[in-house]
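Below is the file coords.pdb, which contains PDB, C-alpha atoms and all ligand atoms.
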```
ATOM      1  CA  MET A   1       5.913  -2.656  13.962
ATOM      2  CA  GLN A   2       3.890  -5.884  13.957
ATOM      3  CA  ASN A   3       5.654  -7.399  16.959
ATOM      4  CA  ALA A   4       5.162  -4.163  18.896
ATOM      5  CA  GLY A   5       1.462  -4.262  18.020
ATOM      6  CA  ILE A   6       1.217  -7.964  18.912
ATOM      7  CA  ASN A   7       2.900  -7.393  22.288
ATOM      8  CA  GLU A   8       0.655  -4.446  23.032
ATOM      9  CA  LEU A   9      -2.403  -6.627  22.400
ATOM     10  CA  GLY A  10      -1.006  -9.250  24.828
ATOM     11  CA  LEU A  11      -0.839 -11.991  22.194
ATOM     12  CA  GLU A  12       1.709 -14.783  22.323
ATOM     13  CA  TRP A  13       2.446 -14.523  18.631
ATOM     14  CA  ARG A  14       5.595 -13.720  16.687
ATOM     15  CA  TYR A  15       5.866 -11.939  13.341
ATOM     16  CA  LEU A  16       8.840 -13.336  11.405
ATOM     17  CA  ALA A  17      10.397 -12.602   8.014
ATOM     18  CA  PHE A  18      11.005 -15.421   5.537
ATOM     19  CA  ASP A  19      12.912 -15.170   2.310
ATOM     20  CA  VAL A  20      10.901 -17.149  -0.268
ATOM     21  CA  HIS A  21      11.781 -17.466  -3.942
ATOM     22  CA  PRO A  22       8.752 -16.753  -6.182
ATOM     23  CA  LEU A  23       9.032 -20.301  -7.554
ATOM     24  CA  HIS A  24       8.273 -21.615  -4.066
ATOM     25  CA  LEU A  25       5.538 -19.186  -3.093
ATOM     26  CA  ARG A  26       2.703 -21.679  -3.558
ATOM     27  CA  GLU A  27       4.409 -24.217  -1.276
ATOM     28  CA  ALA A  28       5.219 -21.480   1.261
ATOM     29  CA  ILE A  29       1.557 -20.423   1.509
ATOM     30  CA  LEU A  30       0.469 -24.058   1.707
ATOM     31  CA  GLY A  31       3.107 -24.767   4.354
ATOM     32  CA  ALA A  32       1.935 -21.857   6.494
ATOM     33  CA  LYS A  33      -1.652 -23.071   6.085
ATOM     34  CA  VAL A  34      -0.999 -26.649   7.206
ATOM     35  CA  MET A  35       1.113 -25.385  10.095
ATOM     36  CA  LYS A  36      -1.884 -23.214  11.063
ATOM     37  CA  PHE A  37      -0.133 -19.873  10.908
ATOM     38  CA  ILE A  38      -2.376 -16.950  11.789
ATOM     39  CA  GLY A  39      -1.554 -15.086   8.592
ATOM     40  CA  LEU A  40       1.057 -13.727   6.225
ATOM     41  CA  ASN A  41       2.153 -10.486   4.643
ATOM     42  CA  LEU A  42       3.605 -10.659   1.159
ATOM     43  CA  THR A  43       5.808  -8.197  -0.621
ATOM     44  CA  VAL A  44       7.037  -7.639  -4.173
ATOM     45  CA  PRO A  45       6.966  -9.738  -6.376
ATOM     46  CA  HIS A  46       4.676 -12.068  -4.428
ATOM     47  CA  LYS A  47       1.661  -9.772  -4.228
ATOM     48  CA  LEU A  48       0.542 -10.386  -7.818
ATOM     49  CA  LEU A  49       1.460 -14.077  -7.905
ATOM     50  CA  ALA A  50      -0.496 -14.867  -4.743
ATOM     51  CA  VAL A  51      -3.798 -13.861  -6.354
ATOM     52  CA  ASP A  52      -3.838 -17.286  -8.042
ATOM     53  CA  MET A  53      -2.528 -19.168  -5.023
ATOM     54  CA  VAL A  54      -4.976 -18.475  -2.190
ATOM     55  CA  ASP A  55      -8.225 -20.345  -1.587
ATOM     56  CA  ALA A  56     -10.427 -17.236  -1.400
ATOM     57  CA  LEU A  57     -10.054 -13.583  -2.391
ATOM     58  CA  ASP A  58     -11.522 -10.645  -0.538
ATOM     59  CA  GLU A  59     -13.109  -7.830  -2.550
ATOM     60  CA  SER A  60     -10.043  -5.665  -1.809
ATOM     61  CA  ALA A  61      -7.703  -8.177  -3.466
ATOM     62  CA  LEU A  62     -10.050  -8.565  -6.430
ATOM     63  CA  THR A  63     -10.330  -4.793  -6.920
ATOM     64  CA  PHE A  64      -6.597  -4.121  -6.851
ATOM     65  CA  GLY A  65      -5.426  -7.443  -8.318
ATOM     66  CA  ALA A  66      -2.859  -8.002  -5.586
ATOM     67  CA  VAL A  67      -2.645  -9.790  -2.230
ATOM     68  CA  ASN A  68      -0.419  -8.324   0.478
ATOM     69  CA  THR A  69      -2.168  -9.990   3.436
ATOM     70  CA  VAL A  70      -3.285 -13.576   3.907
ATOM     71  CA  ARG A  71      -5.523 -14.651   6.762
ATOM     72  CA  PHE A  72      -5.870 -18.349   7.545
ATOM     73  CA  GLU A  73      -9.382 -19.374   8.487
ATOM     74  CA  ALA A  74     -11.352 -22.441   9.570
ATOM     75  CA  LYS A  75     -15.081 -23.154   9.897
ATOM     76  CA  ASP A  76     -16.788 -22.612  13.250
ATOM     77  CA  GLU A  77     -19.672 -24.681  14.650
ATOM     78  CA  ASN A  78     -22.099 -22.771  12.385
ATOM     79  CA  GLY A  79     -20.066 -23.507   9.275
ATOM     80  CA  GLU A  80     -18.780 -19.900   9.014
ATOM     81  CA  TRP A  81     -15.153 -19.180   8.143
ATOM     82  CA  GLN A  82     -13.385 -17.559  11.089
ATOM     83  CA  PRO A  83      -9.818 -16.304  11.578
ATOM     84  CA  LEU A  84      -7.727 -18.961  13.355
ATOM     85  CA  ARG A  85      -7.525 -16.795  16.452
ATOM     86  CA  HIS A  86     -11.185 -17.617  17.035
ATOM     87  CA  PHE A  87     -10.331 -21.263  17.867
ATOM     88  CA  GLU A  88      -7.855 -20.656  20.712
ATOM     89  CA  GLY A  89      -5.469 -23.547  19.987
ATOM     90  CA  ASP A  90      -8.159 -26.073  19.008
ATOM     91  CA  VAL A  91      -8.025 -25.408  15.278
ATOM     92  CA  PRO A  92      -9.978 -27.692  12.905
ATOM     93  CA  GLU A  93      -7.894 -29.535  10.308
ATOM     94  CA  VAL A  94      -9.529 -27.912   7.287
ATOM     95  CA  VAL A  95      -8.017 -24.462   6.921
ATOM     96  CA  ARG A  96      -8.275 -22.025   4.003
ATOM     97  CA  SER A  97      -6.093 -19.109   2.932
ATOM     98  CA  HIS A  98      -7.975 -15.854   2.386
ATOM     99  CA  GLY A  99      -6.215 -13.071   0.457
ATOM    100  CA  PHE A 100      -6.709  -9.370   1.139
ATOM    101  CA  ASN A 101      -5.173  -6.117  -0.040
ATOM    102  CA  THR A 102      -4.537  -3.531   2.664
ATOM    103  CA  ASP A 103      -2.082  -1.393   0.623
ATOM    104  CA  ALA A 104      -4.612   0.560  -1.386
ATOM    105  CA  ASP A 105      -6.761   1.643   1.559
ATOM    106  CA  ALA A 106      -3.585   2.507   3.442
ATOM    107  CA  LEU A 107      -2.603   4.931   0.700
ATOM    108  CA  GLY A 108      -6.049   6.532   0.830
ATOM    109  CA  ARG A 109      -5.784   6.910   4.592
ATOM    110  CA  ALA A 110      -2.258   8.332   4.387
ATOM    111  CA  LEU A 111      -3.399  10.937   1.848
ATOM    112  CA  ARG A 112      -6.445  11.895   3.878
ATOM    113  CA  GLU A 113      -4.695  12.003   7.257
ATOM    114  CA  GLY A 114      -1.225  13.129   6.188
ATOM    115  CA  LEU A 115      -2.232  15.729   3.641
ATOM    116  CA  LYS A 116      -5.880  16.408   4.548
ATOM    117  CA  LEU A 117      -6.914  15.645   0.992
ATOM    118  CA  ASP A 118     -10.531  15.344  -0.033
ATOM    119  CA  LEU A 119      -9.901  12.737  -2.740
ATOM    120  CA  PRO A 120     -13.198  12.881  -4.652
ATOM    121  CA  ARG A 121     -12.611  16.565  -5.430
ATOM    122  CA  SER A 122      -8.897  16.270  -6.116
ATOM    123  CA  ARG A 123      -6.891  16.653  -9.273
ATOM    124  CA  VAL A 124      -3.893  14.351  -9.083
ATOM    125  CA  LEU A 125      -0.670  13.920 -11.042
ATOM    126  CA  LEU A 126       0.529  10.345 -10.513
ATOM    127  CA  LEU A 127       4.149   9.577 -11.361
ATOM    128  CA  GLY A 128       4.902   5.894 -11.998
ATOM    129  CA  ALA A 129       2.974   2.952 -13.380
ATOM    130  CA  GLY A 130       4.817  -0.019 -11.840
ATOM    131  CA  GLY A 131       3.168  -2.232  -9.224
ATOM    132  CA  ALA A 132       2.655   0.568  -6.680
ATOM    133  CA  GLY A 133       1.727   3.131  -9.354
ATOM    134  CA  ARG A 134      -0.938   0.899 -10.875
ATOM    135  CA  ALA A 135      -2.432   0.132  -7.451
ATOM    136  CA  ALA A 136      -2.376   3.846  -6.542
ATOM    137  CA  ALA A 137      -4.080   4.757  -9.823
ATOM    138  CA  LEU A 138      -6.832   2.199  -9.239
ATOM    139  CA  LYS A 139      -7.277   3.361  -5.638
ATOM    140  CA  LEU A 140      -7.537   7.011  -6.692
ATOM    141  CA  ALA A 141      -9.988   6.038  -9.423
ATOM    142  CA  SER A 142     -12.050   3.979  -6.963
ATOM    143  CA  GLU A 143     -12.194   7.095  -4.745
ATOM    144  CA  ARG A 144     -13.526   8.966  -7.807
ATOM    145  CA  VAL A 145     -10.826  11.625  -7.959
ATOM    146  CA  HIS A 146     -11.894  14.519 -10.125
ATOM    147  CA  GLU A 147      -9.007  14.237 -12.591
ATOM    148  CA  LEU A 148      -6.080  11.834 -12.803
ATOM    149  CA  TYR A 149      -2.956  12.591 -14.836
ATOM    150  CA  LEU A 150      -0.620   9.654 -15.462
ATOM    151  CA  VAL A 151       3.075   9.939 -16.299
ATOM    152  CA  ASN A 152       5.558   7.070 -16.548
ATOM    153  CA  ARG A 153       8.993   6.621 -18.113
ATOM    154  CA  THR A 154       7.643   3.707 -20.138
ATOM    155  CA  ALA A 155       4.591   5.352 -21.697
ATOM    156  CA  GLN A 156       3.072   2.011 -22.676
ATOM    157  CA  LYS A 157       2.601   1.048 -19.031
ATOM    158  CA  ALA A 158       0.800   4.312 -18.233
ATOM    159  CA  GLU A 159      -1.402   3.705 -21.286
ATOM    160  CA  GLY A 160      -2.240   0.237 -19.953
ATOM    161  CA  VAL A 161      -3.238   1.671 -16.571
ATOM    162  CA  ALA A 162      -5.306   4.431 -18.223
ATOM    163  CA  LYS A 163      -7.125   1.808 -20.314
ATOM    164  CA  GLU A 164      -7.871  -0.266 -17.228
ATOM    165  CA  ILE A 165      -9.263   2.766 -15.408
ATOM    166  CA  ARG A 166     -11.423   3.807 -18.366
ATOM    167  CA  GLU A 167     -12.905   0.305 -18.447
ATOM    168  CA  ARG A 168     -13.415  -0.134 -14.723
ATOM    169  CA  PHE A 169     -14.068   3.444 -13.565
ATOM    170  CA  PRO A 170     -15.532   5.216 -16.602
ATOM    171  CA  GLN A 171     -16.656   8.212 -14.491
ATOM    172  CA  VAL A 172     -13.041   9.179 -13.789
ATOM    173  CA  ASN A 173     -11.338  11.583 -16.158
ATOM    174  CA  VAL A 174      -7.935  10.035 -16.806
ATOM    175  CA  VAL A 175      -5.372  11.895 -18.900
ATOM    176  CA  LEU A 176      -1.946  10.751 -20.117
ATOM    177  CA  GLY A 177       0.749  13.373 -19.573
ATOM    178  CA  TYR A 178       1.279  16.472 -17.434
ATOM    179  CA  PRO A 179      -1.536  18.810 -16.395
ATOM    180  CA  LYS A 180      -1.568  22.314 -17.872
ATOM    181  CA  GLU A 181      -3.120  23.829 -14.751
ATOM    182  CA  THR A 182      -2.717  23.386 -11.006
ATOM    183  CA  VAL A 183      -3.361  20.109  -9.211
ATOM    184  CA  ASP A 184      -4.049  19.214  -5.577
ATOM    185  CA  LEU A 185      -1.571  16.373  -5.359
ATOM    186  CA  VAL A 186       1.563  15.026  -6.966
ATOM    187  CA  LEU A 187       2.025  11.393  -5.980
ATOM    188  CA  ASN A 188       5.405   9.784  -6.581
ATOM    189  CA  ALA A 189       5.091   6.042  -7.131
ATOM    190  CA  THR A 190       8.375   5.686  -9.017
ATOM    191  CA  SER A 191      11.519   4.429  -7.360
ATOM    192  CA  LEU A 192      13.307   7.697  -8.208
ATOM    193  CA  GLY A 193      14.435   9.184  -4.914
ATOM    194  CA  LEU A 194      15.619   5.997  -3.258
ATOM    195  CA  LYS A 195      19.207   6.982  -4.080
ATOM    196  CA  PRO A 196      20.639  10.408  -3.193
ATOM    197  CA  GLU A 197      21.876  10.958  -6.757
ATOM    198  CA  ASP A 198      18.434  10.297  -8.301
ATOM    199  CA  GLU A 199      16.846  12.999 -10.434
ATOM    200  CA  LEU A 200      13.441  14.432  -9.629
ATOM    201  CA  PRO A 201      10.733  12.016 -10.808
ATOM    202  CA  PHE A 202       9.100  14.517 -13.206
ATOM    203  CA  ASP A 203      10.170  16.567 -16.219
ATOM    204  CA  ALA A 204      10.836  20.102 -14.940
ATOM    205  CA  LYS A 205      10.275  21.467 -18.465
ATOM    206  CA  GLN A 206       6.704  20.225 -18.374
ATOM    207  CA  PHE A 207       5.727  20.709 -14.727
ATOM    208  CA  ALA A 208       6.733  22.827 -11.739
ATOM    209  CA  LEU A 209       6.055  22.196  -8.062
ATOM    210  CA  ASP A 210       4.429  25.590  -7.560
ATOM    211  CA  ARG A 211       1.558  24.084  -9.562
ATOM    212  CA  THR A 212       0.582  21.609  -6.837
ATOM    213  CA  LYS A 213      -0.759  22.076  -3.312
ATOM    214  CA  SER A 214       0.716  18.890  -1.918
ATOM    215  CA  VAL A 215       3.201  16.125  -2.651
ATOM    216  CA  TYR A 216       3.174  12.540  -1.415
ATOM    217  CA  ASP A 217       6.253  10.412  -1.940
ATOM    218  CA  MET A 218       5.704   6.681  -1.473
ATOM    219  CA  ILE A 219       9.398   6.393  -0.635
ATOM    220  CA  TYR A 220      10.039   6.526   3.101
ATOM    221  CA  ARG A 221      13.786   5.882   3.196
ATOM    222  CA  PRO A 222      15.299   8.451   2.955
ATOM    223  CA  ALA A 223      12.686  10.283   5.022
ATOM    224  CA  GLU A 224      13.075  13.363   2.852
ATOM    225  CA  THR A 225      13.703  12.715  -0.818
ATOM    226  CA  ARG A 226      14.875  15.455  -3.204
ATOM    227  CA  LEU A 227      11.276  15.666  -4.340
ATOM    228  CA  LEU A 228       9.963  16.331  -0.827
ATOM    229  CA  MET A 229      12.712  18.879  -0.139
ATOM    230  CA  ALA A 230      11.925  20.759  -3.340
ATOM    231  CA  ALA A 231       8.189  20.546  -2.641
ATOM    232  CA  LYS A 232       8.640  22.004   0.848
ATOM    233  CA  GLU A 233      10.638  24.871  -0.619
ATOM    234  CA  ALA A 234       7.845  25.473  -3.110
ATOM    235  CA  GLY A 235       5.413  25.754  -0.164
ATOM    236  CA  CYS A 236       3.604  22.443  -0.684
ATOM    237  CA  ALA A 237       2.248  20.224   2.090
ATOM    238  CA  VAL A 238       4.340  17.054   2.066
ATOM    239  CA  ALA A 239       4.336  13.519   3.443
ATOM    240  CA  ASN A 240       6.438  10.439   2.792
ATOM    241  CA  GLY A 241       5.458   6.776   2.434
ATOM    242  CA  LEU A 242       5.814   5.783   6.073
ATOM    243  CA  GLY A 243       2.146   6.484   6.778
ATOM    244  CA  MET A 244       1.140   4.101   4.015
ATOM    245  CA  LEU A 245       3.450   1.414   5.364
ATOM    246  CA  LEU A 246       2.059   1.855   8.882
ATOM    247  CA  TYR A 247      -1.596   1.786   7.853
ATOM    248  CA  GLN A 248      -1.275  -1.314   5.649
ATOM    249  CA  GLY A 249       0.372  -3.123   8.567
ATOM    250  CA  ALA A 250      -2.213  -1.951  11.071
ATOM    251  CA  ALA A 251      -5.034  -3.104   8.790
ATOM    252  CA  ALA A 252      -3.370  -6.527   8.439
ATOM    253  CA  LEU A 253      -3.077  -6.877  12.221
ATOM    254  CA  GLU A 254      -6.756  -6.002  12.546
ATOM    255  CA  LEU A 255      -7.676  -8.693  10.016
ATOM    256  CA  TRP A 256      -5.733 -11.323  11.948
ATOM    257  CA  THR A 257      -6.833 -10.307  15.449
ATOM    258  CA  GLY A 258     -10.288  -8.790  14.982
ATOM    259  CA  GLN A 259      -9.081  -6.050  17.336
ATOM    260  CA  GLN A 260      -8.189  -2.431  16.787
ATOM    261  CA  ALA A 261      -4.480  -2.080  16.035
ATOM    262  CA  PRO A 262      -2.492  -0.087  18.650
ATOM    263  CA  LEU A 263      -1.443   2.522  16.105
ATOM    264  CA  ALA A 264       0.693   4.774  18.321
ATOM    265  CA  VAL A 265       2.822   1.856  19.531
ATOM    266  CA  MET A 266       3.215   0.498  16.007
ATOM    267  CA  LYS A 267       4.112   3.920  14.639
ATOM    268  CA  GLN A 268       6.787   4.413  17.271
ATOM    269  CA  ALA A 269       8.289   0.973  16.582
ATOM    270  CA  LEU A 270       8.235   1.585  12.836
ATOM    271  CA  GLU A 271       9.972   4.954  13.134
ATOM    272  CA  GLN A 272      12.551   3.438  15.449
ATOM    273  CA  GLU A 273      13.199   0.627  12.973
ATOM    274  CA  VAL A 274      13.337   2.787   9.851
ATOM    275  CA  TYR A 275      14.992   5.951  11.161
ATOM    276  CA  GLY A 276      16.690   4.641  14.291
ATOM    277  CA  GLY A 277      14.851   7.070  16.533
ATOM    278  CA  GLY A 278      16.681  10.034  14.976
ATOM    279  CA  SER A 279      15.125  13.361  14.121
ATOM    280  CA  LYS A 280      14.244  12.305  10.575
ATOM    281  CA  VAL A 281      10.628  11.664  11.400
ATOM    282  CA  ALA A 282       9.338  15.224  11.095
ATOM    283  CA  ALA A 283       8.262  14.967   7.459
ATOM    284  CA  THR A 284       6.904  11.489   7.826
ATOM    285  CA  PHE A 285       3.218  11.820   8.360
ATOM    286  CA  GLY A 286       2.665  15.189   6.777
ATOM    287  CA  ARG A 287       1.385  18.280   8.466
TER     288      ARG A 287
HETATM  289  N1  LIG B 301       5.259   3.308   1.296
HETATM  290  C1  LIG B 301       4.908   2.108   0.976
HETATM  291  O1  LIG B 301       4.273   1.385   1.756
HETATM  292  C2  LIG B 301       5.259   1.598  -0.403
HETATM  293  C3  LIG B 301       4.580   0.474  -0.936
HETATM  294  C4  LIG B 301       4.921   0.038  -2.220
HETATM  295  C5  LIG B 301       5.914   0.689  -2.947
HETATM  296  N2  LIG B 301       6.565   1.768  -2.392
HETATM  297  C6  LIG B 301       7.609   2.487  -3.156
HETATM  298  O2  LIG B 301       7.085   2.829  -4.432
HETATM  299  C7  LIG B 301       8.121   2.810  -5.406
HETATM  300  C8  LIG B 301       7.716   1.956  -6.610
HETATM  301  O3  LIG B 301       7.553   0.606  -6.204
HETATM  302  P1  LIG B 301       6.970  -0.498  -7.212
HETATM  303  O4  LIG B 301       6.710  -1.703  -6.411
HETATM  304  O5  LIG B 301       5.865   0.070  -8.044
HETATM  305  O6  LIG B 301       8.235  -0.764  -8.176
HETATM  306  P2  LIG B 301       8.211  -1.158  -9.720
HETATM  307  O7  LIG B 301       7.018  -1.999 -10.033
HETATM  308  O8  LIG B 301       9.570  -1.662 -10.013
HETATM  309  O9  LIG B 301       7.995   0.250 -10.486
HETATM  310  C9  LIG B 301       9.018   1.214 -10.503
HETATM  311  C10 LIG B 301       8.492   2.507 -11.098
HETATM  312  O10 LIG B 301       9.542   3.487 -11.064
HETATM  313  C11 LIG B 301       9.827   3.903 -12.399
HETATM  314  N3  LIG B 301      11.268   4.125 -12.539
HETATM  315  C12 LIG B 301      12.257   3.327 -12.074
HETATM  316  N4  LIG B 301      13.460   3.861 -12.401
HETATM  317  C13 LIG B 301      13.210   5.009 -13.085
HETATM  318  C14 LIG B 301      14.018   5.993 -13.693
HETATM  319  N5  LIG B 301      15.357   5.901 -13.670
HETATM  320  N6  LIG B 301      13.441   7.043 -14.307
HETATM  321  C15 LIG B 301      12.084   7.132 -14.325
HETATM  322  N7  LIG B 301      11.240   6.236 -13.783
HETATM  323  C16 LIG B 301      11.804   5.182 -13.163
HETATM  324  C17 LIG B 301       9.360   2.755 -13.266
HETATM  325  O11 LIG B 301       9.170   3.211 -14.585
HETATM  326  P3  LIG B 301       9.146   2.156 -15.814
HETATM  327  O12 LIG B 301       7.775   1.590 -15.833
HETATM  328  O13 LIG B 301       9.476   2.981 -16.998
HETATM  329  O14 LIG B 301      10.206   1.114 -15.514
HETATM  330  C18 LIG B 301       8.058   2.373 -12.549
HETATM  331  O15 LIG B 301       7.042   3.288 -12.813
HETATM  332  C19 LIG B 301       9.374   2.275  -4.696
HETATM  333  O16 LIG B 301      10.177   3.379  -4.338
HETATM  334  C20 LIG B 301       8.819   1.603  -3.464
HETATM  335  O17 LIG B 301       9.748   1.639  -2.406
HETATM  336  C21 LIG B 301       6.247   2.233  -1.148
END
```

How does the structure come out when it is put into structure tokens?
Ligand SMILES: NC(=O)c1ccc[n+]([C@@H]2O[C@H](COP(=O)([O-])OP(=O)(O)OC[C@H]3O[C@@H](n4cnc5c(N)ncnc54)[C@H](OP(=O)(O)O)[C@@H]3O)[C@@H](O)[C@H]2O)c1
Amino acid sequence: MQNAGINELGLEWRYLAFDVHPLHLREAILGAKVMKFIGLNLTVPHKLLAVDMVDALDESALTFGAVNTVRFEAKDENGEWQPLRHFEGDVPEVVRSHGFNTDADALGRALREGLKLDLPRSRVLLLGAGGAGRAAALKLASERVHELYLVNRTAQKAEGVAKEIRERFPQVNVVLGYPKETVDLVLNATSLGLKPEDELPFDAKQFALDRTKSVYDMIYRPAETRLLMAAKEAGCAVANGLGMLLYQGAAALELWTGQQAPLAVMKQALEQEVYGGGSKVAATFGR
């Protein structure tokens, strides 16, 4: 996805994957900085750790407490920090790492574009309170959803997220447990569905899919989880997590380049990579 976007923009850059143990994350970020990399993406478990390892944090990283994108920057002739691309090969020696979070906004965009949701008026049942669940809850709260129901296998974690939301977004009505009435969205942020034998991520005695208008599953492989299949049968609008993955990557590329990401090209490359160009893409981006 990123290399397709980079090629489309005519840049002589390469996006590469590195396997870094969490114990070496600080050195890895520092190494990339002194080698004047353009930027980095970080994935689990590095996103939380990196908050304390970068030189500056963008508002997005502060709000969601996680860094998934680093941009390396140096000072221009006016003393302003600029992305390294600005310097065209003549990069000053003093470089800083600047941490951003593009995941949360990507989820918002995927929900708006994939499911046509008007978040501030929505009632949402969020399943899961791990790293992605917590970030999704904070994003939904920051969008001032009308009501947010939180369910997680380990109740304590959902309680922790509810407490955080009540402190930081007191206007949002956050409830622990299943809704009694209908909701606009069920959002799966658990890892249930990754394996074909996985159960549905909610308790069917306490909730039924005919009580929601739409379902978003953060899982994108398989393209259609049991949850999405059941939701389609129940007549819900559905979308899987590929949109979120695409939009967080596109936002990162925009931070590094200062240019609009070539979304169609990136989407095609991502679908090719994840689904091998098969016919499994239909459910991907929602209706
Ligand atoms: N589309 C995207 O771009 C994107 C981005 C990030 C994550 N994701 C997906 O989101 C999912 C969660 O990721 P994460 O980073 O939040 O992982 P995580 O921190 O490990 O959290 C896992 C979540 O799943 C729950 N869970 C796991 N096994 C379960 C089971 N057997 N029964 C009930 N609940 C179970 C956990 O509940 P407990 O708290 O009780 O353990 C927790 O809420 C993954 O499927 C991941 O692939 C997608």

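When all atoms listed in the file are used to compute distances to Phe87 of chain A, the closest of the residues A:Ile38, A:Ala104, A:Leu176, A:Ala32 turns out to be A:Ile38.
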
Given the file shown, enumerate the residues that the PyMOL selection byres (((not hetatm)) within 7 of (chain B and resi 301)) captures and present them as a JSON list (two decimals) with C-alpha atoms, keeping the file's coordinate frame.
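Output saved as selection.json:
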```json
[["chain", "number", "residue", "atom", "x", "y", "z"],
["A", 44, "VAL", "CA", 7.04, -7.64, -4.17],
["A", 128, "GLY", "CA", 4.90, 5.89, -12.00],
["A", 129, "ALA", "CA", 2.97, 2.95, -13.38],
["A", 130, "GLY", "CA", 4.82, -0.02, -11.84],
["A", 131, "GLY", "CA", 3.17, -2.23, -9.22],
["A", 132, "ALA", "CA", 2.66, 0.57, -6.68],
["A", 133, "GLY", "CA", 1.73, 3.13, -9.35],
["A", 152, "ASN", "CA", 5.56, 7.07, -16.55],
["A", 153, "ARG", "CA", 8.99, 6.62, -18.11],
["A", 154, "THR", "CA", 7.64, 3.71, -20.14],
["A", 157, "LYS", "CA", 2.60, 1.05, -19.03],
["A", 189, "ALA", "CA", 5.09, 6.04, -7.13],
["A", 190, "THR", "CA", 8.38, 5.69, -9.02],
["A", 191, "SER", "CA", 11.52, 4.43, -7.36],
["A", 192, "LEU", "CA", 13.31, 7.70, -8.21],
["A", 194, "LEU", "CA", 15.62, 6.00, -3.26],
["A", 201, "PRO", "CA", 10.73, 12.02, -10.81],
["A", 218, "MET", "CA", 5.70, 6.68, -1.47],
["A", 219, "ILE", "CA", 9.40, 6.39, -0.64],
["A", 220, "TYR", "CA", 10.04, 6.53, 3.10],
["A", 241, "GLY", "CA", 5.46, 6.78, 2.43],
["A", 242, "LEU", "CA", 5.81, 5.78, 6.07],
["A", 244, "MET", "CA", 1.14, 4.10, 4.01],
["A", 245, "LEU", "CA", 3.45, 1.41, 5.36]]
```

Q. What do you get, as a PyMOL selection string, if you spell out every residue that the PyMOL selection byres (((chain A and resi 48-54) around 12) and not hetatm) selects here?
A. chain A and resi 21-30+32-33+39-47+55-73+95-101+130-132+134-135

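Using only C-alpha atoms, the nearest neighbour of Ser122 of chain A within the list A:Ala136, A:Val186, A:Val91, A:Val145 is A:Val145.
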
Edge lengths and centre in Å to one decimal, as JSON, of the axis-aligned box that encloses all listed atoms of segment 126-134 of chain A with 4 Å added on every side?
```
{"center_x": 2.0, "center_y": 4.1, "center_z": -10.0, "size_x": 13.8, "size_y": 20.6, "size_z": 14.7}
```

Q) Which of these residues is nearest to Asn173 of chain A, using only C-alpha atoms: A:Ala252, A:Leu140, A:Leu270, A:Ala158? A)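 Going through A:Ala252, A:Leu140, A:Leu270, A:Ala158 one by one, the smallest distance to Asn173 of chain A is for A:Leu140.
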
Q) For Ala137 of chain A, which residue among A:Glu80, A:Asp198, A:Glu8, A:Glu164 is the nearest when counting all atoms listed in the file? A)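 Closest to Ala137 of chain A, using all atoms listed in the file: A:Glu164.
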
Q: Write out as a PyMOL selection string which residues come within 10 Å of Gly235 of chain A when counting only C-alpha atoms, dropping same-chain ones fewer than 2 positions away.
A: chain A and resi 209-210+212-214+230-233+237-238

Export C-alpha atoms of the chosen residues as an mmCIF file, keeping the file's coordinate frame?
```cif
data_model
loop_
_atom_site.group_PDB
_atom_site.id
_atom_site.type_symbol
_atom_site.label_atom_id
_atom_site.label_comp_id
_atom_site.auth_asym_id
_atom_site.auth_seq_id
_atom_site.Cartn_x
_atom_site.Cartn_y
_atom_site.Cartn_z
ATOM 1 C CA LEU A 209 6.055 22.196 -8.062
ATOM 2 C CA ASP A 210 4.429 25.590 -7.560
ATOM 3 C CA THR A 212 0.582 21.609 -6.837
ATOM 4 C CA LYS A 213 -0.759 22.076 -3.312
ATOM 5 C CA SER A 214 0.716 18.890 -1.918
ATOM 6 C CA ALA A 230 11.925 20.759 -3.340
ATOM 7 C CA ALA A 231 8.189 20.546 -2.641
ATOM 8 C CA LYS A 232 8.640 22.004 0.848
ATOM 9 C CA GLU A 233 10.638 24.871 -0.619
ATOM 10 C CA ALA A 237 2.248 20.224 2.090
ATOM 11 C CA VAL A 238 4.340 17.054 2.066
#
```

Q. Any idea what the distance is between atom CA of Tyr275 of chain A and atom CA of Thr225 of chain A?
A. 13.8 Å

Q | Residues returned when the PyMOL selection byres (((chain A and resi 12) around 12) and not hetatm) runs on this file, as a PyMOL selection string | A | chain A and resi 3-11+13-15+38+85+88-89+257

Q: Quote the spacing between atom CA of Ala264 of chain A and atom CA of Asp217 of chain A in Å to one decimal place.
A: 21.8 Å

Q. For the atom pair atom CA of Tyr247 of chain A and atom CA of Leu187 of chain A, what is the interatomic distance in Å to one decimal place?
A.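 Answer for the atom CA of Tyr247 of chain A to atom CA of Leu187 of chain A separation: 17.2 Å.
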
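Counting all atoms listed in the file and comparing A:Glu224, A:Ala269, A:Tyr178, A:Asp76, the residue that lies closest to Lys205 of chain A is A:Tyr178.
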
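Ranking A:Pro179, A:Trp256, A:Val174, A:Arg226 by their shortest atom-to-atom distance to Phe37 of chain A, with all atoms listed in the file included, puts A:Trp256 first.
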